[in-house]
>>> print(open('target_6.pdb').read())   # PDB, C-alpha atoms
ATOM      1  CA  MET I1396      73.986  85.734 108.852  1.00  0.00           C
ATOM      2  CA  ALA I1397      70.408  86.815 108.203  1.00  0.00           C
ATOM      3  CA  LYS I1398      69.126  89.811 110.110  1.00  0.00           C
ATOM      4  CA  LYS I1399      66.220  89.073 112.451  1.00  0.00           C
ATOM      5  CA  TYR I1400      63.193  91.344 112.322  1.00  0.00           C
ATOM      6  CA  SER I1401      60.553  91.731 115.007  1.00  0.00           C
ATOM      7  CA  SER I1402      57.023  90.597 114.141  1.00  0.00           C
ATOM      8  CA  ARG I1403      55.924  94.247 114.351  1.00  0.00           C
ATOM      9  CA  SER I1404      58.638  95.273 111.905  1.00  0.00           C
ATOM     10  CA  LEU I1405      57.768  92.437 109.513  1.00  0.00           C
ATOM     11  CA  SER I1406      54.053  93.236 109.691  1.00  0.00           C
ATOM     12  CA  PHE I1407      54.801  96.856 108.883  1.00  0.00           C
ATOM     13  CA  LEU I1408      57.062  95.780 106.025  1.00  0.00           C
ATOM     14  CA  PHE I1409      54.380  93.544 104.485  1.00  0.00           C
ATOM     15  CA  VAL I1410      51.792  96.318 104.720  1.00  0.00           C
ATOM     16  CA  LEU I1411      54.218  98.659 102.957  1.00  0.00           C
ATOM     17  CA  ILE I1412      54.932  96.091 100.265  1.00  0.00           C
ATOM     18  CA  ALA I1413      51.212  95.688  99.655  1.00  0.00           C
ATOM     19  CA  CYS I1414      50.804  99.451  99.381  1.00  0.00           C
ATOM     20  CA  VAL I1415      53.805  99.898  97.118  1.00  0.00           C
ATOM     21  CA  GLY I1416      52.695  97.051  94.889  1.00  0.00           C
ATOM     22  CA  SER I1417      49.296  98.627  94.421  1.00  0.00           C
ATOM     23  CA  SER I1418      50.274 102.292  94.060  1.00  0.00           C
ATOM     24  CA  TYR I1419      53.355 104.179  92.946  1.00  0.00           C
ATOM     25  CA  ALA I1420      52.117 107.219  94.860  1.00  0.00           C
ATOM     26  CA  GLN I1421      53.202 105.747  98.181  1.00  0.00           C
ATOM     27  CA  GLU I1422      56.267 107.316  99.727  1.00  0.00           C
ATOM     28  CA  ILE I1423      58.638 105.223 101.780  1.00  0.00           C
ATOM     29  CA  PRO I1424      58.712 106.182 105.455  1.00  0.00           C
ATOM     30  CA  ALA I1425      61.966 107.749 106.610  1.00  0.00           C
ATOM     31  CA  LYS I1426      62.525 105.154 109.341  1.00  0.00           C
ATOM     32  CA  ILE I1427      62.831 102.193 106.980  1.00  0.00           C
ATOM     33  CA  SER I1428      66.271 100.624 107.156  1.00  0.00           C
ATOM     34  CA  PRO I1429      68.297 100.091 103.964  1.00  0.00           C
ATOM     35  CA  GLN I1430      67.786  96.331 104.379  1.00  0.00           C
ATOM     36  CA  GLU I1431      63.999  96.743 104.574  1.00  0.00           C
ATOM     37  CA  ARG I1432      64.065  99.057 101.558  1.00  0.00           C
ATOM     38  CA  THR I1433      65.964  96.400  99.611  1.00  0.00           C
ATOM     39  CA  LEU I1434      63.460  93.736 100.704  1.00  0.00           C
ATOM     40  CA  MET I1435      60.579  95.911  99.550  1.00  0.00           C
ATOM     41  CA  ALA I1436      62.241  96.529  96.183  1.00  0.00           C
ATOM     42  CA  GLN I1437      63.062  92.814  95.812  1.00  0.00           C
ATOM     43  CA  SER I1438      59.433  91.893  96.497  1.00  0.00           C
ATOM     44  CA  PHE I1439      58.174  94.511  94.040  1.00  0.00           C
ATOM     45  CA  ALA I1440      60.603  93.399  91.309  1.00  0.00           C
ATOM     46  CA  THR I1441      59.673  89.737  91.838  1.00  0.00           C
ATOM     47  CA  GLU I1442      55.974  90.608  91.577  1.00  0.00           C
ATOM     48  CA  LYS I1443      56.604  92.485  88.326  1.00  0.00           C
ATOM     49  CA  LEU I1444      58.747  89.633  87.025  1.00  0.00           C
ATOM     50  CA  CYS I1445      55.856  87.175  87.521  1.00  0.00           C
ATOM     51  CA  LEU I1446      53.414  89.530  85.804  1.00  0.00           C
ATOM     52  CA  TRP I1447      55.590  90.309  82.782  1.00  0.00           C
ATOM     53  CA  GLN I1448      56.989  86.797  82.454  1.00  0.00           C
ATOM     54  CA  LYS I1449      53.410  85.578  82.005  1.00  0.00           C
ATOM     55  CA  ARG I1450      52.474  88.412  79.637  1.00  0.00           C
ATOM     56  CA  LEU I1451      55.517  87.817  77.435  1.00  0.00           C
ATOM     57  CA  GLY I1452      54.956  84.076  77.242  1.00  0.00           C
ATOM     58  CA  LEU I1453      58.055  83.102  79.220  1.00  0.00           C
ATOM     59  CA  LYS I1454      56.234  80.983  81.833  1.00  0.00           C
ATOM     60  CA  ASP I1455      58.327  77.914  81.023  1.00  0.00           C
ATOM     61  CA  TRP I1456      61.495  79.740  82.095  1.00  0.00           C
ATOM     62  CA  ASN I1457      62.937  79.673  85.614  1.00  0.00           C
ATOM     63  CA  ILE I1458      63.801  83.353  86.141  1.00  0.00           C
ATOM     64  CA  SER I1459      64.842  85.121  89.318  1.00  0.00           C
ATOM     65  CA  VAL I1460      65.568  88.730  90.261  1.00  0.00           C
ATOM     66  CA  VAL I1461      68.568  89.690  92.382  1.00  0.00           C
ATOM     67  CA  MET I1462      69.314  93.123  93.818  1.00  0.00           C
ATOM     68  CA  SER I1463      72.913  94.046  92.954  1.00  0.00           C
ATOM     69  CA  ARG I1464      75.165  96.848  94.037  1.00  0.00           C
ATOM     70  CA  ALA I1465      76.471  99.277  91.411  1.00  0.00           C
ATOM     71  CA  GLY I1466      79.963  97.774  91.547  1.00  0.00           C
ATOM     72  CA  ASP I1467      78.559  94.412  90.449  1.00  0.00           C
ATOM     73  CA  LEU I1468      76.987  95.895  87.301  1.00  0.00           C
ATOM     74  CA  LYS I1469      78.558  97.480  84.245  1.00  0.00           C
ATOM     75  CA  PRO I1470      79.077 101.244  84.658  1.00  0.00           C
ATOM     76  CA  LYS I1471      76.037 103.398  83.814  1.00  0.00           C
ATOM     77  CA  THR I1472      73.645 100.435  83.898  1.00  0.00           C
ATOM     78  CA  VAL I1473      70.814  99.572  86.287  1.00  0.00           C
ATOM     79  CA  GLY I1474      70.513  95.909  85.407  1.00  0.00           C
ATOM     80  CA  ASN I1475      71.397  92.953  83.246  1.00  0.00           C
ATOM     81  CA  ILE I1476      70.357  89.401  82.499  1.00  0.00           C
ATOM     82  CA  HIS I1477      72.288  86.162  82.182  1.00  0.00           C
ATOM     83  CA  TRP I1478      70.554  83.106  80.749  1.00  0.00           C
ATOM     84  CA  GLU I1479      71.099  79.509  79.768  1.00  0.00           C
ATOM     85  CA  LEU I1480      68.940  78.761  76.735  1.00  0.00           C
ATOM     86  CA  GLY I1481      69.234  74.984  77.061  1.00  0.00           C
ATOM     87  CA  LYS I1482      68.137  75.004  80.700  1.00  0.00           C
ATOM     88  CA  LYS I1483      65.602  77.820  80.244  1.00  0.00           C
ATOM     89  CA  SER I1484      66.937  79.571  83.312  1.00  0.00           C
ATOM     90  CA  ALA I1485      67.911  83.192  83.819  1.00  0.00           C
ATOM     91  CA  VAL I1486      68.904  85.699  86.490  1.00  0.00           C
ATOM     92  CA  ILE I1487      68.011  89.371  86.217  1.00  0.00           C
ATOM     93  CA  ARG I1488      70.225  91.681  88.248  1.00  0.00           C
ATOM     94  CA  ILE I1489      68.722  95.031  89.244  1.00  0.00           C
ATOM     95  CA  LEU I1490      70.468  97.962  90.902  1.00  0.00           C
ATOM     96  CA  ASP I1491      70.020  97.848  94.674  1.00  0.00           C
ATOM     97  CA  PRO I1492      67.993 100.724  96.187  1.00  0.00           C
ATOM     98  CA  ALA I1493      71.089 101.803  98.123  1.00  0.00           C
ATOM     99  CA  ASP I1494      72.632 102.923  94.811  1.00  0.00           C
ATOM    100  CA  TYR I1495      69.549 104.577  93.291  1.00  0.00           C
ATOM    101  CA  ARG I1496      69.308 108.371  93.252  1.00  0.00           C
ATOM    102  CA  LEU I1497      65.565 108.537  92.535  1.00  0.00           C
ATOM    103  CA  PRO I1498      62.619 108.994  94.886  1.00  0.00           C
ATOM    104  CA  PHE I1499      61.145 105.631  95.893  1.00  0.00           C
ATOM    105  CA  PRO I1500      58.101 105.618  93.534  1.00  0.00           C
ATOM    106  CA  GLU I1501      60.249 106.572  90.519  1.00  0.00           C
ATOM    107  CA  MET I1502      62.837 103.972  91.522  1.00  0.00           C
ATOM    108  CA  LEU I1503      60.150 101.272  91.474  1.00  0.00           C
ATOM    109  CA  LYS I1504      58.978 102.379  88.025  1.00  0.00           C
ATOM    110  CA  ASP I1505      62.578 102.200  86.827  1.00  0.00           C
ATOM    111  CA  MET I1506      62.942  98.715  88.308  1.00  0.00           C
ATOM    112  CA  GLU I1507      59.826  97.553  86.458  1.00  0.00           C
ATOM    113  CA  PHE I1508      61.273  99.046  83.260  1.00  0.00           C
ATOM    114  CA  THR I1509      64.472  97.080  83.873  1.00  0.00           C
ATOM    115  CA  VAL I1510      62.595  93.806  84.460  1.00  0.00           C
ATOM    116  CA  VAL I1511      60.602  94.192  81.226  1.00  0.00           C
ATOM    117  CA  HIS I1512      63.710  95.318  79.331  1.00  0.00           C
ATOM    118  CA  GLU I1513      65.680  92.247  80.375  1.00  0.00           C
ATOM    119  CA  LEU I1514      62.746  89.913  79.652  1.00  0.00           C
ATOM    120  CA  ILE I1515      62.532  91.266  76.106  1.00  0.00           C
ATOM    121  CA  HIS I1516      66.251  90.558  75.656  1.00  0.00           C
ATOM    122  CA  LEU I1517      65.557  87.025  76.865  1.00  0.00           C
ATOM    123  CA  ASP I1518      62.601  86.616  74.507  1.00  0.00           C
ATOM    124  CA  MET I1519      64.805  87.691  71.592  1.00  0.00           C
ATOM    125  CA  ALA I1520      67.799  85.566  72.667  1.00  0.00           C
ATOM    126  CA  PRO I1521      67.137  82.526  70.452  1.00  0.00           C
ATOM    127  CA  VAL I1522      67.146  84.716  67.338  1.00  0.00           C
ATOM    128  CA  LEU I1523      69.881  87.152  68.313  1.00  0.00           C
ATOM    129  CA  SER I1524      72.296  84.530  69.657  1.00  0.00           C
ATOM    130  CA  GLU I1525      72.953  83.384  66.076  1.00  0.00           C
ATOM    131  CA  LEU I1526      74.012  86.853  64.921  1.00  0.00           C
ATOM    132  CA  GLN I1527      77.531  88.201  64.843  1.00  0.00           C
ATOM    133  CA  ARG I1528      77.612  90.679  67.757  1.00  0.00           C
ATOM    134  CA  SER I1529      79.154  94.153  67.437  1.00  0.00           C
ATOM    135  CA  ASP I1530      78.980  97.386  69.418  1.00  0.00           C
ATOM    136  CA  ALA I1531      76.831  98.911  66.663  1.00  0.00           C
ATOM    137  CA  ASN I1532      74.195  96.185  66.633  1.00  0.00           C
ATOM    138  CA  ARG I1533      74.177  96.036  70.441  1.00  0.00           C
ATOM    139  CA  ARG I1534      73.323  99.767  70.497  1.00  0.00           C
ATOM    140  CA  GLU I1535      70.585  99.155  67.931  1.00  0.00           C
ATOM    141  CA  GLU I1536      69.236  96.269  69.998  1.00  0.00           C
ATOM    142  CA  GLU I1537      69.183  98.424  73.163  1.00  0.00           C
ATOM    143  CA  TYR I1538      67.387 101.181  71.266  1.00  0.00           C
ATOM    144  CA  ALA I1539      64.748  98.765  69.941  1.00  0.00           C
ATOM    145  CA  VAL I1540      64.271  97.043  73.302  1.00  0.00           C
ATOM    146  CA  ASN I1541      63.850 100.390  75.068  1.00  0.00           C
ATOM    147  CA  HIS I1542      61.149 101.431  72.567  1.00  0.00           C
ATOM    148  CA  MET I1543      59.297  98.153  73.060  1.00  0.00           C
ATOM    149  CA  VAL I1544      59.431  98.508  76.852  1.00  0.00           C
ATOM    150  CA  GLU I1545      58.232 102.101  76.734  1.00  0.00           C
ATOM    151  CA  ALA I1546      55.270 101.087  74.549  1.00  0.00           C
ATOM    152  CA  LEU I1547      54.327  98.123  76.755  1.00  0.00           C
ATOM    153  CA  LEU I1548      54.558 100.091  79.998  1.00  0.00           C
ATOM    154  CA  LYS I1549      52.656 103.051  78.542  1.00  0.00           C
ATOM    155  CA  LEU I1550      49.805 100.724  77.552  1.00  0.00           C
ATOM    156  CA  ASP I1551      49.908  98.942  80.902  1.00  0.00           C
ATOM    157  CA  ARG I1552      49.906 102.131  82.952  1.00  0.00           C
ATOM    158  CA  GLN I1553      47.055 103.647  80.903  1.00  0.00           C
ATOM    159  CA  GLN I1554      44.941 100.598  81.694  1.00  0.00           C
ATOM    160  CA  GLN I1555      45.646 100.721  85.442  1.00  0.00           C
ATOM    161  CA  PRO I1556      43.030 102.513  87.553  1.00  0.00           C
ATOM    162  CA  GLN I1557      44.385 105.819  88.827  1.00  0.00           C
ATOM    163  CA  LYS I1558      44.247 106.121  92.625  1.00  0.00           C
TER     164      LYS I1558
END
>>> encode(input="target_6.pdb", output="structure tokens")
Amino acid sequence: MAKKYSSRSLSFLFVLIACVGSSYAQEIPAKISPQERTLMAQSFATEKLCLWQKRLGLKDWNISVVMSRAGDLKPKTVGNIHWELGKKSAVIRILDPADYRLPFPEMLKDMEFTVVHELIHLDMAPVLSELQRSDANRREEEYAVNHMVEALLKLDRQQQPQK
């Protein structure tokens, strides 16, 4: 059953989402419930998905973001992606805020990193799916994807006006 929120609570939540989306410097108020925190993170991740999906030329894909608890992800990971090449559909799972141990602004930066990381895997999927997979080449792929994400986000964040 979905939890009902008062109009005051929802208005406050949307104002916070707008602030968080526009500035990482915003701190989350202490009185936000875990459910509201998850909704804020979900909204932020979806916004970043739309932005990066367009930038990476994946607009023809149907991609969604789902917040997932740590037990639903592989150990020591904060996300993953599952896709169907033929259908051009994918689901990115991102660690739920309840399981993060970072301050809210850093958590959001990490979530954006995860979204871009998984989108790069998706972009490379047609080429890499033909290769024989091993633990060694998976580690090499993760290393390369992480470097690409770091470069893209560094460029993006340098171009953003500092508030």
>>> closest_residue(input="target_6.pdb", among="I:Ala1546, I:Leu1446, I:Leu1490, I:Met1519", to="Lys1469 of chain I", atoms="only C-alpha atoms")
I:Leu1490
>>> closest_residue(input="target_6.pdb", among="I:His1512, I:Ala1539, I:Glu1479, I:Ala1465", to="Arg1496 of chain I", atoms="all atoms listed in the file")
I:Ala1465
>>> resolve_selection(input="target_6.pdb", expression="the PyMOL selection byres ((chain I and resi 1492) around 12)", output="ChimeraX atom specification")
/I:1423,1428-1437,1439-1440,1461-1465,1473,1489-1491,1493-1503,1505-1506
>>> residues_near_point(input="target_6.pdb", point="(70.4, 91.2, 65.7)", cutoff="9 Å", atoms="only C-alpha atoms", output="ChimeraX atom specification")
/I:1519,1522-1528,1532-1533,1535-1536
>>> closest_residue(input="target_6.pdb", among="I:Arg1534, I:Lys1504, I:Lys1449, I:Lys1482", to="Arg1552 of chain I", atoms="all atoms listed in the file")
I:Lys1504
>>> closest_residue(input="target_6.pdb", among="I:Leu1547, I:Val1510, I:Ala1520, I:Leu1468", to="Gly1481 of chain I", atoms="only C-alpha atoms")
I:Ala1520
>>> atom_distance(input="target_6.pdb", atom1="atom CA of Glu1545 of chain I", atom2="atom CA of Leu1514 of chain I")
13.3 Å
>>> resolve_selection(input="target_6.pdb", expression="the PyMOL selection byres ((chain I and resi 1451-1453) around 10)", output="list of chain:residue names")
I:Cys1445, I:Leu1446, I:Trp1447, I:Gln1448, I:Lys1449, I:Arg1450, I:Lys1454, I:Asp1455, I:Trp1456, I:Asn1457, I:Ile1458, I:Lys1483, I:Val1511, I:Leu1514, I:Ile1515, I:Leu1517, I:Asp1518
>>> atom_distance(input="target_6.pdb", atom1="atom CA of Lys1549 of chain I", atom2="atom CA of Asp1530 of chain I")
28.4 Å
>>> atom_distance(input="target_6.pdb", atom1="atom CA of Phe1508 of chain I", atom2="atom CA of Leu1480 of chain I")
22.6 Å
>>> residues_around(input="target_6.pdb", residues="Ile1476 of chain I", least_positions_apart="2", cutoff="8 Å", atoms="only C-alpha atoms", output="ChimeraX atom specification")
/I:1474,1478,1485-1488,1513,1517
>>> closest_residue(input="target_6.pdb", among="I:Asp1467, I:Thr1509, I:Ile1427, I:Asn1475", to="Leu1444 of chain I", atoms="all atoms listed in the file")
I:Thr1509
>>> closest_residue(input="target_6.pdb", among="I:Ser1529, I:Thr1472, I:Gln1554, I:Ser1459", to="Lys1443 of chain I", atoms="all atoms listed in the file")
I:Ser1459
>>> build_atoms(input="target_6.pdb", residues="segment 1521-1532 of chain I", atoms="all heavy atoms", output="CSV table (one decimal), in the coordinates of the input")
chain,number,residue,atom,x,y,z
I,1521,PRO,N,66.9,83.6,71.4
I,1521,PRO,CA,67.1,82.5,70.5
I,1521,PRO,C,67.5,83.0,69.1
I,1521,PRO,O,68.2,82.4,68.3
I,1521,PRO,CB,65.8,81.8,70.5
I,1521,PRO,CG,65.2,82.1,71.8
I,1521,PRO,CD,65.6,83.5,72.1
I,1522,VAL,N,66.9,84.2,68.7
I,1522,VAL,CA,67.1,84.7,67.3
I,1522,VAL,C,68.5,85.5,67.3
I,1522,VAL,O,69.3,85.3,66.4
I,1522,VAL,CB,66.0,85.7,66.9
I,1522,VAL,CG1,66.3,86.4,65.6
I,1522,VAL,CG2,64.7,84.9,66.8
I,1523,LEU,N,68.7,86.3,68.3
I,1523,LEU,CA,69.9,87.2,68.3
I,1523,LEU,C,71.2,86.4,68.6
I,1523,LEU,O,72.2,86.9,68.3
I,1523,LEU,CB,69.7,88.3,69.3
I,1523,LEU,CG,68.6,89.3,69.0
I,1523,LEU,CD1,68.5,90.4,70.0
I,1523,LEU,CD2,68.8,89.9,67.6
I,1524,SER,N,71.1,85.3,69.3
I,1524,SER,CA,72.3,84.5,69.7
I,1524,SER,C,73.0,84.0,68.4
I,1524,SER,O,74.2,83.8,68.5
I,1524,SER,CB,72.0,83.4,70.6
I,1524,SER,OG,71.2,82.4,69.9
I,1525,GLU,N,72.3,83.9,67.3
I,1525,GLU,CA,73.0,83.4,66.1
I,1525,GLU,C,73.7,84.5,65.3
I,1525,GLU,O,74.4,84.2,64.4
I,1525,GLU,CB,71.9,82.7,65.2
I,1525,GLU,CG,71.2,81.6,65.8
I,1525,GLU,CD,72.1,80.4,66.2
I,1525,GLU,OE1,73.0,80.1,65.4
I,1525,GLU,OE2,72.0,79.9,67.3
I,1526,LEU,N,73.4,85.7,65.7
I,1526,LEU,CA,74.0,86.9,64.9
I,1526,LEU,C,75.4,87.2,65.4
I,1526,LEU,O,75.8,86.9,66.5
I,1526,LEU,CB,73.1,88.1,65.1
I,1526,LEU,CG,71.7,88.0,64.6
I,1526,LEU,CD1,71.0,89.3,64.9
I,1526,LEU,CD2,71.7,87.7,63.1
I,1527,GLN,N,76.2,87.7,64.5
I,1527,GLN,CA,77.5,88.2,64.8
I,1527,GLN,C,77.4,89.5,65.6
I,1527,GLN,O,76.7,90.4,65.2
I,1527,GLN,CB,78.3,88.5,63.6
I,1527,GLN,CG,79.8,88.8,63.8
I,1527,GLN,CD,80.6,87.7,64.3
I,1527,GLN,OE1,80.3,86.5,64.1
I,1527,GLN,NE2,81.6,87.9,65.1
I,1528,ARG,N,77.8,89.5,66.9
I,1528,ARG,CA,77.6,90.7,67.8
I,1528,ARG,C,78.7,91.7,67.5
I,1528,ARG,O,79.9,91.4,67.4
I,1528,ARG,CB,77.6,90.2,69.2
I,1528,ARG,CG,76.7,89.1,69.6
I,1528,ARG,CD,75.3,89.4,69.3
I,1528,ARG,NE,74.8,90.3,70.3
I,1528,ARG,CZ,73.7,91.0,70.2
I,1528,ARG,NH1,72.9,90.9,69.2
I,1528,ARG,NH2,73.4,91.9,71.2
I,1529,SER,N,78.2,93.0,67.5
I,1529,SER,CA,79.2,94.2,67.4
I,1529,SER,C,78.6,95.3,68.3
I,1529,SER,O,77.4,95.2,68.7
I,1529,SER,CB,79.2,94.7,66.0
I,1529,SER,OG,78.0,95.3,65.6
I,1530,ASP,N,79.4,96.3,68.6
I,1530,ASP,CA,79.0,97.4,69.4
I,1530,ASP,C,77.8,98.1,68.7
I,1530,ASP,O,76.9,98.5,69.4
I,1530,ASP,CB,80.1,98.4,69.7
I,1530,ASP,CG,81.1,97.9,70.7
I,1530,ASP,OD1,80.8,96.9,71.4
I,1530,ASP,OD2,82.2,98.4,70.8
I,1531,ALA,N,77.9,98.2,67.4
I,1531,ALA,CA,76.8,98.9,66.7
I,1531,ALA,C,75.5,98.2,66.8
I,1531,ALA,O,74.5,98.8,67.1
I,1531,ALA,CB,77.2,99.1,65.2
I,1532,ASN,N,75.5,96.9,66.6
I,1532,ASN,CA,74.2,96.2,66.6
I,1532,ASN,C,73.7,96.0,68.1
I,1532,ASN,O,72.5,95.9,68.3
I,1532,ASN,CB,74.1,94.9,65.8
I,1532,ASN,CG,75.1,93.8,66.3
I,1532,ASN,OD1,75.4,93.7,67.4
I,1532,ASN,ND2,75.4,92.9,65.4
